$ cat target-v6.tsv   # TSV, C-alpha atoms (C1' of nucleotides)
chain	number	residue	atom	x	y	z
O	12	MET	CA	145.48	126.84	13.42
O	13	LEU	CA	144.86	123.70	15.36
O	14	VAL	CA	144.59	120.00	14.77
O	15	ASP	CA	141.10	118.62	15.26
O	16	ARG	CA	139.80	115.11	15.71
O	17	PHE	CA	139.63	114.42	11.97
O	18	ASP	CA	143.22	115.52	11.56
O	19	LEU	CA	144.30	113.28	14.40
O	20	LYS	CA	142.59	110.28	12.85
O	21	ILE	CA	144.25	111.00	9.53
O	22	LEU	CA	147.65	111.39	11.17
O	23	GLU	CA	147.22	108.23	13.20
O	24	GLN	CA	146.57	106.25	10.05
O	25	LEU	CA	149.33	107.85	8.00
O	26	GLN	CA	152.01	107.43	10.63
O	27	ARG	CA	151.10	103.75	10.74
O	28	ASP	CA	150.70	103.13	7.03
O	29	ASP	CA	151.20	105.56	4.24
O	30	SER	CA	150.56	103.14	1.41
O	31	VAL	CA	146.77	103.32	1.51
O	32	SER	CA	144.84	105.25	-1.08
O	33	ILE	CA	143.06	108.44	-0.09
O	34	ALA	CA	139.74	106.74	-0.74
O	35	GLN	CA	140.50	104.04	1.83
O	36	LEU	CA	141.87	106.56	4.29
O	37	ALA	CA	138.84	108.81	3.92
O	38	GLU	CA	136.55	105.91	4.68
O	39	LYS	CA	138.50	104.97	7.80
O	40	VAL	CA	138.42	108.45	9.26
O	41	GLY	CA	134.80	109.07	8.32
O	42	LEU	CA	135.22	111.75	5.70
O	43	SER	CA	134.65	111.86	1.99
O	44	VAL	CA	137.61	111.94	-0.33
O	45	THR	CA	137.82	115.63	-1.13
O	46	PRO	CA	137.94	117.12	2.38
O	47	CYS	CA	140.22	114.30	3.48
O	48	TRP	CA	142.60	115.09	0.69
O	49	ARG	CA	142.48	118.81	1.46
O	50	ARG	CA	143.35	118.13	5.09
O	51	ILE	CA	146.33	116.04	4.11
O	52	GLN	CA	147.54	118.84	1.86
O	53	ARG	CA	147.15	121.31	4.71
O	54	LEU	CA	148.95	119.09	7.20
O	55	GLU	CA	151.84	118.72	4.79
O	56	LYS	CA	152.03	122.41	4.01
O	57	GLU	CA	152.05	123.30	7.69
O	58	GLY	CA	154.79	120.78	8.42
O	59	VAL	CA	152.77	118.54	10.72
O	60	ILE	CA	153.53	115.81	8.22
O	61	GLU	CA	157.27	116.10	7.74
O	62	LYS	CA	157.93	113.46	5.15
O	63	ARG	CA	156.92	110.10	3.72
O	64	ILE	CA	159.52	107.41	4.02
O	65	ALA	CA	160.13	103.70	3.78
O	66	VAL	CA	161.14	101.99	7.02
O	67	LEU	CA	163.84	99.40	6.42
O	68	ASN	CA	164.72	96.31	8.42
O	69	PRO	CA	168.18	96.88	9.94
O	70	GLY	CA	168.69	93.18	10.59
O	71	LYS	CA	168.25	92.25	6.94
O	72	LEU	CA	170.69	94.96	5.96
O	73	ASP	CA	173.46	93.68	8.19
O	74	LEU	CA	173.06	96.50	10.69
O	75	GLY	CA	172.32	94.47	13.75
O	76	LEU	CA	174.15	96.35	16.49
O	77	THR	CA	172.67	99.27	18.40
O	78	VAL	CA	174.81	101.08	20.94
O	79	PHE	CA	173.85	103.94	23.21
O	80	VAL	CA	176.73	106.24	23.99
O	81	MET	CA	176.63	108.47	27.04
O	82	ILE	CA	178.97	111.38	26.91
O	83	LYS	CA	180.28	113.85	29.45
O	84	THR	CA	182.32	116.85	28.50
O	85	ASP	CA	184.19	119.51	30.44
O	86	LYS	CA	184.20	121.89	27.50
O	87	HIS	CA	181.15	124.10	27.56
O	88	SER	CA	182.14	126.80	25.08
O	89	GLN	CA	180.15	127.71	22.02
O	90	ALA	CA	183.08	126.67	19.86
O	91	TRP	CA	183.14	123.17	21.29
O	92	LEU	CA	179.39	122.93	20.92
O	93	ASP	CA	179.52	123.89	17.26
O	94	ALA	CA	182.32	121.43	16.65
O	95	PHE	CA	180.38	118.68	18.39
O	96	GLN	CA	177.34	119.42	16.26
O	97	ASP	CA	179.38	119.15	13.07
O	98	VAL	CA	180.99	115.92	14.16
O	99	VAL	CA	177.78	114.10	15.05
O	100	GLN	CA	176.11	115.29	11.85
O	101	SER	CA	178.95	113.90	9.79
O	102	PHE	CA	178.64	110.34	11.14
O	103	PRO	CA	175.80	108.46	9.44
O	104	GLU	CA	176.02	105.74	12.11
O	105	ILE	CA	174.80	108.26	14.68
O	106	MET	CA	171.05	108.08	14.40
O	107	GLU	CA	170.08	110.34	17.25
O	108	VAL	CA	171.74	112.77	19.63
O	109	ASN	CA	170.07	114.33	22.64
O	110	ARG	CA	171.48	116.89	25.00
O	111	LEU	CA	170.47	115.83	28.48
O	112	ALA	CA	169.84	117.38	31.83
O	113	GLY	CA	171.63	115.64	34.65
O	114	GLU	CA	174.67	113.48	35.04
O	115	PHE	CA	175.42	112.97	31.37
O	116	ASP	CA	175.63	115.74	28.80
O	117	TYR	CA	174.72	113.79	25.69
O	118	LEU	CA	173.10	110.53	24.71
O	119	LEU	CA	173.85	109.11	21.28
O	120	LYS	CA	172.14	106.25	19.52
O	121	VAL	CA	174.48	104.50	17.12
O	122	ILE	CA	173.76	101.73	14.63
O	123	THR	CA	176.52	99.64	13.13
O	124	ARG	CA	177.11	96.25	11.60
O	125	ASP	CA	178.87	94.56	14.47
O	126	ASN	CA	181.34	94.94	17.27
O	127	ALA	CA	184.27	95.55	14.98
O	128	ALA	CA	182.38	98.23	13.06
O	129	TYR	CA	181.41	99.89	16.32
O	130	ASP	CA	184.96	99.90	17.53
O	131	ALA	CA	186.11	101.48	14.29
O	132	PHE	CA	183.39	104.09	14.66
O	133	TYR	CA	184.38	104.76	18.25
O	134	LYS	CA	188.01	105.37	17.31
O	135	ARG	CA	187.01	107.73	14.52
O	136	LEU	CA	184.70	109.59	16.89
O	137	ILE	CA	187.19	110.21	19.67
O	138	ALA	CA	189.79	111.19	17.10
O	139	ARG	CA	187.50	113.96	15.88
O	140	ILE	CA	186.52	115.58	19.18
O	141	GLU	CA	187.62	115.67	22.79
O	142	LEU	CA	185.26	114.00	25.24
O	143	SER	CA	186.03	113.73	28.92
O	144	ASN	CA	183.93	110.62	29.55
O	145	VAL	CA	182.36	108.15	27.16
O	146	THR	CA	180.25	105.18	28.23
O	147	SER	CA	179.01	102.71	25.63
O	148	CYS	CA	175.90	100.69	26.42
O	149	PHE	CA	175.34	97.83	24.03
O	150	SER	CA	171.80	96.86	23.21
O	151	MET	CA	171.24	93.14	23.60
O	152	GLU	CA	167.68	93.14	22.37
O	153	GLN	CA	165.16	95.58	21.02
O	154	VAL	CA	162.17	94.94	23.26
O	155	LYS	CA	159.99	97.60	21.68
O	156	LYS	CA	160.32	99.89	18.72
O	157	THR	CA	157.66	102.11	17.28
O	158	THR	CA	157.59	105.09	14.98
O	159	GLU	CA	154.08	106.05	15.98
O	160	LEU	CA	153.75	109.12	18.14
O	161	PRO	CA	151.27	108.79	21.02
O	162	LEU	CA	148.64	111.03	19.50
O	163	ASP	CA	145.93	109.81	21.83
O	164	GLN	CA	147.90	111.22	24.76
O	165	ARG	CA	147.60	114.79	23.58
Q	16	MET	CA	169.59	86.28	-1.74
Q	17	LEU	CA	171.59	89.41	-1.24
Q	18	VAL	CA	171.24	93.13	-1.68
Q	19	ASP	CA	173.31	94.55	-4.49
Q	20	ARG	CA	174.33	98.09	-5.35
Q	21	PHE	CA	171.12	98.85	-7.22
Q	22	ASP	CA	169.07	97.68	-4.26
Q	23	LEU	CA	171.09	99.87	-1.94
Q	24	LYS	CA	170.55	102.91	-4.12
Q	25	ILE	CA	166.82	102.23	-4.21
Q	26	LEU	CA	166.68	101.75	-0.45
Q	27	GLU	CA	168.70	104.88	0.19
Q	28	GLN	CA	166.24	106.91	-1.82
Q	29	LEU	CA	163.13	105.32	-0.36
Q	30	GLN	CA	164.22	105.64	3.25
Q	31	ARG	CA	164.76	109.33	2.57
Q	32	ASP	CA	161.67	110.04	0.50
Q	33	ASP	CA	158.96	107.65	-0.42
Q	34	SER	CA	156.78	110.14	-2.25
Q	35	VAL	CA	158.60	110.00	-5.57
Q	36	SER	CA	157.19	108.12	-8.52
Q	37	ILE	CA	158.87	104.96	-9.69
Q	38	ALA	CA	159.86	106.70	-12.89
Q	39	GLN	CA	161.80	109.35	-10.98
Q	40	LEU	CA	163.31	106.77	-8.67
Q	41	ALA	CA	164.38	104.59	-11.58
Q	42	GLU	CA	166.14	107.51	-13.18
Q	43	LYS	CA	168.00	108.38	-9.98
Q	44	VAL	CA	169.31	104.87	-9.45
Q	45	GLY	CA	170.15	104.35	-13.11
Q	46	LEU	CA	167.62	101.69	-14.01
Q	47	SER	CA	164.61	101.64	-16.26
Q	48	VAL	CA	161.18	101.53	-14.70
Q	49	THR	CA	160.38	97.84	-14.95
Q	50	PRO	CA	163.43	96.31	-13.24
Q	51	CYS	CA	163.33	99.08	-10.65
Q	52	TRP	CA	159.73	98.30	-9.88
Q	53	ARG	CA	160.45	94.56	-9.71
Q	54	ARG	CA	163.27	95.19	-7.23
Q	55	ILE	CA	161.03	97.24	-5.00
Q	56	GLN	CA	158.46	94.46	-5.04
Q	57	ARG	CA	161.13	91.94	-4.11
Q	58	LEU	CA	162.51	94.11	-1.30
Q	59	GLU	CA	159.02	94.49	0.13
Q	60	LYS	CA	158.22	90.80	-0.16
Q	61	GLU	CA	161.45	89.85	1.57
Q	62	GLY	CA	160.83	92.30	4.36
Q	63	VAL	CA	163.82	94.53	3.72
Q	64	ILE	CA	161.28	97.31	3.29
Q	65	GLU	CA	159.10	96.96	6.38
Q	66	LYS	CA	156.53	99.65	5.80
Q	67	ARG	CA	155.78	103.05	4.33
Q	68	ILE	CA	154.86	105.72	6.82
Q	69	ALA	CA	154.41	109.43	7.32
Q	70	VAL	CA	156.83	111.04	9.76
Q	71	LEU	CA	155.08	113.61	11.92
Q	72	ASN	CA	156.49	116.64	13.70
Q	73	PRO	CA	156.20	116.01	17.44
Q	74	GLY	CA	156.58	119.67	18.29
Q	75	LYS	CA	153.58	120.69	16.21
Q	76	LEU	CA	151.54	117.98	17.87
Q	77	ASP	CA	152.25	119.16	21.38
Q	78	LEU	CA	154.61	116.28	22.12
Q	79	GLY	CA	157.68	118.28	22.99
Q	80	LEU	CA	159.23	116.29	25.81
Q	81	THR	CA	161.57	113.36	25.33
Q	82	VAL	CA	162.80	111.46	28.36
Q	83	PHE	CA	165.22	108.55	28.50
Q	84	VAL	CA	164.54	106.17	31.34
Q	85	MET	CA	167.25	103.89	32.63
Q	86	ILE	CA	166.00	100.93	34.58
Q	87	LYS	CA	167.62	98.41	36.84
Q	88	THR	CA	165.78	95.38	38.15
Q	89	ASP	CA	166.62	92.66	40.62
Q	90	LYS	CA	163.96	90.34	39.21
Q	91	HIS	CA	165.39	88.19	36.50
Q	92	SER	CA	162.71	85.51	36.17
Q	93	GLN	CA	160.90	84.71	32.95
Q	94	ALA	CA	157.63	85.75	34.57
Q	95	TRP	CA	158.93	89.22	35.36
Q	96	LEU	CA	160.35	89.51	31.87
Q	97	ASP	CA	157.04	88.65	30.27
Q	98	ALA	CA	155.23	91.08	32.52
Q	99	PHE	CA	157.71	93.81	31.67
Q	100	GLN	CA	157.22	93.17	27.96
Q	101	ASP	CA	153.47	93.48	28.30
Q	102	VAL	CA	153.71	96.68	30.30
Q	103	VAL	CA	156.01	98.52	27.92
Q	104	GLN	CA	153.94	97.43	24.94
Q	105	SER	CA	150.83	98.83	26.52
Q	106	PHE	CA	152.22	102.36	26.95
Q	107	PRO	CA	152.05	104.32	23.70
Q	108	GLU	CA	154.34	106.97	25.21
Q	109	ILE	CA	157.15	104.41	25.26
Q	110	MET	CA	158.65	104.66	21.82
Q	111	GLU	CA	161.60	102.35	22.24
Q	112	VAL	CA	162.89	99.83	24.74
Q	113	ASN	CA	166.31	98.23	24.65
Q	114	ARG	CA	167.72	95.60	26.92
Q	115	LEU	CA	171.28	96.58	27.67
Q	116	ALA	CA	174.52	94.96	28.63
Q	117	GLY	CA	176.20	96.62	31.56
Q	118	GLU	CA	175.18	98.72	34.50
Q	119	PHE	CA	171.57	99.29	33.46
Q	120	ASP	CA	169.18	96.59	32.37
Q	121	TYR	CA	166.86	98.63	30.17
Q	122	LEU	CA	166.80	101.94	28.38
Q	123	LEU	CA	163.42	103.42	27.47
Q	124	LYS	CA	162.70	106.36	25.21
Q	125	VAL	CA	159.52	108.12	26.21
Q	126	ILE	CA	157.69	110.95	24.46
Q	127	THR	CA	155.10	113.04	26.26
Q	128	ARG	CA	153.52	116.46	26.15
Q	129	ASP	CA	155.27	118.07	29.08
Q	130	ASN	CA	156.61	117.58	32.57
Q	131	ALA	CA	153.21	116.98	34.09
Q	132	ALA	CA	152.34	114.39	31.48
Q	133	TYR	CA	155.65	112.64	32.07
Q	134	ASP	CA	155.07	112.57	35.78
Q	135	ALA	CA	151.65	111.04	35.26
Q	136	PHE	CA	153.20	108.47	32.96
Q	137	TYR	CA	155.91	107.69	35.48
Q	138	LYS	CA	153.39	107.05	38.23
Q	139	ARG	CA	151.34	104.78	36.00
Q	140	LEU	CA	154.49	102.90	35.01
Q	141	ILE	CA	155.78	102.16	38.50
Q	142	ALA	CA	152.28	101.21	39.58
Q	143	ARG	CA	152.24	98.50	36.93
Q	144	ILE	CA	155.59	96.81	37.55
Q	145	GLU	CA	158.26	96.62	40.20
Q	146	LEU	CA	161.56	98.26	39.29
Q	147	SER	CA	164.47	98.44	41.69
Q	148	ASN	CA	166.04	101.55	40.20
Q	149	VAL	CA	164.70	104.12	37.75
Q	150	THR	CA	166.67	107.08	36.46
Q	151	SER	CA	164.97	109.64	34.24
Q	152	CYS	CA	167.15	111.68	31.89
Q	153	PHE	CA	165.34	114.61	30.34
Q	154	SER	CA	166.27	115.65	26.85
Q	155	MET	CA	166.93	119.37	26.63
Q	156	GLU	CA	167.49	119.46	22.91
Q	157	GLN	CA	167.44	117.08	20.00
Q	158	VAL	CA	170.82	117.71	18.42
Q	159	LYS	CA	170.41	115.12	15.67
Q	160	LYS	CA	167.62	112.89	14.55
Q	161	THR	CA	167.52	110.75	11.45
Q	162	THR	CA	165.49	107.82	10.26
Q	163	GLU	CA	168.00	106.89	7.59
Q	164	LEU	CA	170.03	103.78	8.25
Q	165	PRO	CA	173.74	104.08	7.41
Q	166	LEU	CA	173.59	101.91	4.31
Q	167	ASP	CA	176.94	103.11	3.02
Q	168	GLN	CA	178.58	101.62	6.12
Q	169	ARG	CA	177.61	98.07	5.23
D	1	DC	C1'	182.17	76.06	-27.15
D	2	DC	C1'	177.45	76.03	-26.21
D	3	DA	C1'	173.15	76.29	-23.55
D	4	DG	C1'	170.53	78.11	-20.13
D	5	DA	C1'	169.53	81.30	-16.56
D	6	DA	C1'	169.40	85.94	-14.76
D	7	DG	C1'	168.41	90.35	-15.33
D	8	DG	C1'	168.01	94.75	-17.90
D	9	DG	C1'	165.61	97.47	-21.70
D	10	DC	C1'	161.60	98.46	-24.33
D	11	DC	C1'	156.76	98.52	-25.26
D	12	DA	C1'	151.88	98.24	-24.80
D	13	DG	C1'	147.87	98.84	-22.23
D	14	DC	C1'	144.39	98.63	-18.60
D	15	DA	C1'	143.00	99.96	-14.08
D	16	DA	C1'	143.47	102.79	-10.33
D	17	DT	C1'	144.78	106.88	-8.14
D	18	DG	C1'	145.97	111.63	-7.68
D	19	DC	C1'	144.49	115.96	-8.15
D	20	DT	C1'	141.51	119.97	-9.26
D	21	DG	C1'	137.48	122.80	-9.89
D	22	DA	C1'	132.69	123.69	-9.38
D	23	DC	C1'	128.57	123.73	-6.90
D	24	DC	C1'	125.42	122.82	-3.08
D	25	DC	C1'	124.25	122.38	1.68
D	26	DT	C1'	124.66	122.63	6.73
D	27	DT	C1'	126.56	124.60	10.69
D	28	DT	C1'	128.61	128.22	13.25
D	29	DA	C1'	129.80	132.67	14.49
D	30	DT	C1'	129.32	137.59	14.18
L	28	DA	C1'	120.42	137.69	9.19
L	29	DT	C1'	124.44	137.16	6.77
L	30	DA	C1'	128.86	135.48	5.82
L	31	DA	C1'	132.43	132.25	6.37
L	32	DA	C1'	134.04	127.59	7.04
L	33	DG	C1'	133.94	123.19	5.86
L	34	DG	C1'	131.72	118.84	4.42
L	35	DG	C1'	129.34	116.23	0.43
L	36	DT	C1'	128.92	115.09	-4.39
L	37	DC	C1'	130.24	114.96	-9.05
L	38	DA	C1'	132.93	115.36	-13.18
L	39	DG	C1'	137.04	114.77	-15.51
L	40	DC	C1'	141.88	114.91	-16.91
L	41	DA	C1'	146.59	113.48	-16.17
L	42	DT	C1'	149.56	110.59	-13.99
L	43	DT	C1'	150.96	106.51	-11.97
L	44	DG	C1'	150.81	101.76	-10.72
L	45	DC	C1'	151.09	97.48	-12.29
L	46	DT	C1'	151.43	93.47	-15.49
L	47	DG	C1'	152.82	90.68	-19.35
L	48	DG	C1'	155.44	89.91	-23.32
L	49	DC	C1'	159.52	89.98	-25.94
L	50	DC	C1'	164.36	90.83	-27.05
L	51	DC	C1'	169.08	91.29	-25.87
L	52	DT	C1'	173.36	91.01	-23.19
L	53	DT	C1'	176.07	88.93	-19.67
L	54	DC	C1'	177.50	85.42	-16.89
L	55	DT	C1'	178.04	80.65	-15.65
L	56	DG	C1'	178.46	75.78	-15.78
L	57	DG	C1'	178.64	71.61	-18.51

$ encode --input "target-v6.tsv" --output "structure tokens"
Amino acid sequence: MLVDRFDLKILEQLQRDDSVSIAQLAEKVGLSVTPCWRRIQRLEKEGVIEKRIAVLNPGKLDLGLTVFVMIKTDKHSQAWLDAFQDVVQSFPEIMEVNRLAGEFDYLLKVITRDNAAYDAFYKRLIARIELSNVTSCFSMEQVKKTTELPLDQR
Amino acid sequence: MLVDRFDLKILEQLQRDDSVSIAQLAEKVGLSVTPCWRRIQRLEKEGVIEKRIAVLNPGKLDLGLTVFVMIKTDKHSQAWLDAFQDVVQSFPEIMEVNRLAGEFDYLLKVITRDNAAYDAFYKRLIARIELSNVTSCFSMEQVKKTTELPLDQR
DNA sequence: CCAGAAGGGCCAGCAATGCTGACCCTTTAT
DNA sequence: ATAAAGGGTCAGCATTGCTGGCCCTTCTGG
């Protein structure tokens, strides 16, 4: 199975705005309603569309602080790795964790209310797992933020 | 205006799954349909709910490479800042840009198809704006990824 | 103590949308 | 030449979205 140009147009629209009716969507992508709807069904079934969600405004919810945490470890056992996985999953403040190639082992993106909340988080984190080096980079300003994948670059 | 416990329950549900009917949502949060619907309207009007979108699977769309780019600059004029803003906005591969406090000035999150596509992106980027130091950190594995804000931490 | 405001519950009802099946037609591939 | 894939159109039912109206309880301030 592959994703053709119609699919891409549908996905582009839906990842930007999910609140349109299928009739409107069909018109935008140049299909009639039925095949458009069938494609959406297929894309959902195949997992190309993972979920439909509401995007909230962190600022209005008193979650104004974003911190990137760079982590080095000297433990490279499977046991440590499993433990680390469990720990990061259990913290809702941790939005994203990537294992990196290069100087740092992990990069975490953390969202909290403020400095005090971050500090509390940090203490809880290092109490749960041993990390040989932790560098916190505070975000001063979100210059760009998008949830839209670059589908035109495929 | 503030966000009360009912609002939080509604937001928690919606940021997880937007595809439920209001009737189902109302039942989950312990409200009847009408007040639940009115709250959603209010949350949208006030911008707490920013948008409704479909989340796509990058892997199934041949967008398997995530790279974090750390940037230092020695230009700190308003003109450079404006130019930088324009440049990052114009690259769809750049998903997120944060201005940092500390050693690095900016952290970019970039999504591309593969190594070759990233390299092409990198060349286009440095051709567009002068950067004194650029460090690319390749993500080997996405250990955690969530779109759900930690509302219980408020 | 009373009055008013806020907000939830209930109900009714129309309009719009979601969703499905059936059938036809064109294009493409074997 | 034939079959399969996929788009177009249409019909139609069920569900949902959305709105207004009304009542009741709770809370708050005079």

$ residues_around --input "target-v6.tsv" --residues "stretch 73-83 of chain Q" --least-positions-apart "4" --cutoff "6 Å" --atoms "only C-alpha atoms (C1' of nucleotides)" --output "number ranges by chain"
O: 59; Q: 123-129, 151-154

$ calpha_fit_and_write --input "target-v6.tsv" --fixed "chain O" --moving "chain Q" --output "short mmCIF file (atom, residue, chain, number, x, y, z; two decimals) with C-alpha atoms, in the frame of the given file"
data_model
loop_
_atom_site.label_atom_id
_atom_site.label_comp_id
_atom_site.auth_asym_id
_atom_site.auth_seq_id
_atom_site.Cartn_x
_atom_site.Cartn_y
_atom_site.Cartn_z
CA MET Q 16 145.38 126.84 13.48
CA LEU Q 17 144.85 123.67 15.41
CA VAL Q 18 144.57 119.97 14.82
CA ASP Q 19 141.10 118.59 15.31
CA ARG Q 20 139.81 115.05 15.73
CA PHE Q 21 139.64 114.38 12.00
CA ASP Q 22 143.23 115.50 11.60
CA LEU Q 23 144.31 113.24 14.42
CA LYS Q 24 142.59 110.26 12.86
CA ILE Q 25 144.26 110.98 9.53
CA LEU Q 26 147.66 111.38 11.17
CA GLU Q 27 147.24 108.21 13.19
CA GLN Q 28 146.58 106.26 10.03
CA LEU Q 29 149.34 107.85 7.99
CA GLN Q 30 152.02 107.44 10.63
CA ARG Q 31 151.12 103.76 10.71
CA ASP Q 32 150.72 103.13 7.00
CA ASP Q 33 151.20 105.58 4.23
CA SER Q 34 150.56 103.16 1.39
CA VAL Q 35 146.78 103.35 1.46
CA SER Q 36 144.85 105.31 -1.12
CA ILE Q 37 143.08 108.48 -0.11
CA ALA Q 38 139.76 106.80 -0.77
CA GLN Q 39 140.51 104.08 1.78
CA LEU Q 40 141.89 106.59 4.25
CA ALA Q 41 138.85 108.82 3.89
CA GLU Q 42 136.57 105.92 4.63
CA LYS Q 43 138.52 104.95 7.75
CA VAL Q 44 138.43 108.43 9.23
CA GLY Q 45 134.81 109.03 8.28
CA LEU Q 46 135.23 111.74 5.68
CA SER Q 47 134.64 111.88 1.97
CA VAL Q 48 137.62 111.99 -0.33
CA THR Q 49 137.83 115.70 -1.08
CA PRO Q 50 137.94 117.15 2.45
CA CYS Q 51 140.24 114.32 3.51
CA TRP Q 52 142.61 115.13 0.70
CA ARG Q 53 142.48 118.85 1.50
CA ARG Q 54 143.35 118.13 5.13
CA ILE Q 55 146.33 116.06 4.15
CA GLN Q 56 147.54 118.87 1.92
CA ARG Q 57 147.15 121.34 4.77
CA LEU Q 58 148.96 119.09 7.25
CA GLU Q 59 151.85 118.72 4.82
CA LYS Q 60 152.02 122.42 4.06
CA GLU Q 61 152.06 123.29 7.74
CA GLY Q 62 154.78 120.79 8.44
CA VAL Q 63 152.78 118.54 10.74
CA ILE Q 64 153.55 115.80 8.23
CA GLU Q 65 157.30 116.10 7.75
CA LYS Q 66 157.95 113.46 5.15
CA ARG Q 67 156.95 110.10 3.73
CA ILE Q 68 159.54 107.39 4.02
CA ALA Q 69 160.14 103.68 3.77
CA VAL Q 70 161.15 101.98 7.01
CA LEU Q 71 163.84 99.38 6.42
CA ASN Q 72 164.71 96.30 8.43
CA PRO Q 73 168.16 96.84 9.93
CA GLY Q 74 168.69 93.16 10.58
CA LYS Q 75 168.23 92.23 6.94
CA LEU Q 76 170.69 94.92 5.96
CA ASP Q 77 173.44 93.65 8.20
CA LEU Q 78 173.04 96.49 10.70
CA GLY Q 79 172.35 94.43 13.77
CA LEU Q 80 174.15 96.34 16.50
CA THR Q 81 172.68 99.25 18.41
CA VAL Q 82 174.81 101.06 20.95
CA PHE Q 83 173.85 103.94 23.22
CA VAL Q 84 176.71 106.26 23.99
CA MET Q 85 176.62 108.48 27.04
CA ILE Q 86 178.97 111.41 26.91
CA LYS Q 87 180.25 113.85 29.45
CA THR Q 88 182.31 116.88 28.50
CA ASP Q 89 184.14 119.53 30.45
CA LYS Q 90 184.17 121.91 27.49
CA HIS Q 91 181.14 124.11 27.54
CA SER Q 92 182.13 126.83 25.07
CA GLN Q 93 180.14 127.72 21.99
CA ALA Q 94 183.09 126.69 19.83
CA TRP Q 95 183.13 123.18 21.27
CA LEU Q 96 179.37 122.95 20.89
CA ASP Q 97 179.51 123.89 17.24
CA ALA Q 98 182.31 121.43 16.63
CA PHE Q 99 180.37 118.69 18.37
CA GLN Q 100 177.32 119.42 16.22
CA ASP Q 101 179.37 119.15 13.06
CA VAL Q 102 180.98 115.91 14.13
CA VAL Q 103 177.77 114.09 15.02
CA GLN Q 104 176.12 115.28 11.82
CA SER Q 105 178.95 113.88 9.78
CA PHE Q 106 178.63 110.32 11.13
CA PRO Q 107 175.80 108.44 9.43
CA GLU Q 108 176.03 105.73 12.10
CA ILE Q 109 174.80 108.25 14.66
CA MET Q 110 171.06 108.06 14.38
CA GLU Q 111 170.09 110.32 17.23
CA VAL Q 112 171.73 112.77 19.60
CA ASN Q 113 170.08 114.33 22.61
CA ARG Q 114 171.47 116.89 24.97
CA LEU Q 115 170.46 115.85 28.45
CA ALA Q 116 169.82 117.41 31.80
CA GLY Q 117 171.61 115.66 34.62
CA GLU Q 118 174.65 113.50 35.04
CA PHE Q 119 175.41 113.00 31.35
CA ASP Q 120 175.60 115.76 28.78
CA TYR Q 121 174.70 113.80 25.66
CA LEU Q 122 173.10 110.53 24.70
CA LEU Q 123 173.85 109.11 21.26
CA LYS Q 124 172.14 106.23 19.51
CA VAL Q 125 174.49 104.49 17.12
CA ILE Q 126 173.75 101.72 14.63
CA THR Q 127 176.52 99.63 13.13
CA ARG Q 128 177.11 96.23 11.61
CA ASP Q 129 178.86 94.53 14.48
CA ASN Q 130 181.33 94.92 17.31
CA ALA Q 131 184.27 95.53 15.02
CA ALA Q 132 182.41 98.19 13.09
CA TYR Q 133 181.41 99.89 16.33
CA ASP Q 134 184.96 99.88 17.55
CA ALA Q 135 186.12 101.46 14.31
CA PHE Q 136 183.40 104.06 14.67
CA TYR Q 137 184.38 104.75 18.26
CA LYS Q 138 187.99 105.36 17.32
CA ARG Q 139 187.01 107.71 14.52
CA LEU Q 140 184.69 109.57 16.88
CA ILE Q 141 187.19 110.21 19.67
CA ALA Q 142 189.79 111.18 17.10
CA ARG Q 143 187.50 113.95 15.88
CA ILE Q 144 186.51 115.59 19.17
CA GLU Q 145 187.61 115.68 22.77
CA LEU Q 146 185.25 114.02 25.23
CA SER Q 147 186.01 113.75 28.92
CA ASN Q 148 183.92 110.66 29.55
CA VAL Q 149 182.34 108.16 27.17
CA THR Q 150 180.23 105.21 28.24
CA SER Q 151 179.03 102.72 25.65
CA CYS Q 152 175.90 100.71 26.44
CA PHE Q 153 175.33 97.84 24.05
CA SER Q 154 171.80 96.87 23.23
CA MET Q 155 171.24 93.14 23.63
CA GLU Q 156 167.69 93.13 22.39
CA GLN Q 157 165.17 95.58 21.04
CA VAL Q 158 162.19 94.94 23.28
CA LYS Q 159 159.98 97.60 21.69
CA LYS Q 160 160.33 99.89 18.75
CA THR Q 161 157.66 102.10 17.26
CA THR Q 162 157.60 105.08 14.98
CA GLU Q 163 154.08 106.04 15.97
CA LEU Q 164 153.76 109.11 18.14
CA PRO Q 165 151.29 108.78 21.03
CA LEU Q 166 148.64 111.02 19.50
CA ASP Q 167 145.92 109.81 21.83
CA GLN Q 168 147.92 111.21 24.76
CA ARG Q 169 147.64 114.79 23.56
#

$ closest_atom_pairs --input "target-v6.tsv" --of "chain O" --to "chain L" --cutoff "9 Å" --atoms "only C-alpha atoms (C1' of nucleotides)" --output "tab-separated table"
residue	atom	partner	partner_atom	distance
O:Leu42	CA	L:DG34	C1'	8.0
O:Ser43	CA	L:DG35	C1'	7.1
O:Thr45	CA	L:DG35	C1'	8.6
O:Pro46	CA	L:DG34	C1'	6.8

$ atom_distance --input "target-v6.tsv" --atom1 "atom CA of O:Leu92" --atom2 "atom CA of O:Ala131"
23.4 Å

$ interface_residues --input "target-v6.tsv" --of "chain O" --to "chain Q" --cutoff "8 Å" --atoms "only C-alpha atoms" --output "PyMOL selection string"
chain O and resi 14+22+25-30+58-69+71-74+96+99-100+103-104+106-113+122-124+148-162+164-165

$ interface_residues --input "target-v6.tsv" --of "chain D" --to "chain O" --cutoff "12 Å" --atoms "only C-alpha atoms (C1' of nucleotides)" --output "list in words"
DA16, DT17, DG18, DC19, DT20 and DG21 of chain D

$ write_last_selection --input "target-v6.tsv" --atoms "C-alpha atoms (C1' of nucleotides)" --output "PDB file, keeping the file's coordinate frame"
ATOM      1  C1'  DA D  16     143.470 102.790 -10.330  1.00  0.00           C
ATOM      2  C1'  DT D  17     144.780 106.880  -8.140  1.00  0.00           C
ATOM      3  C1'  DG D  18     145.970 111.630  -7.680  1.00  0.00           C
ATOM      4  C1'  DC D  19     144.490 115.960  -8.150  1.00  0.00           C
ATOM      5  C1'  DT D  20     141.510 119.970  -9.260  1.00  0.00           C
ATOM      6  C1'  DG D  21     137.480 122.800  -9.890  1.00  0.00           C
TER       7       DG D  21
END
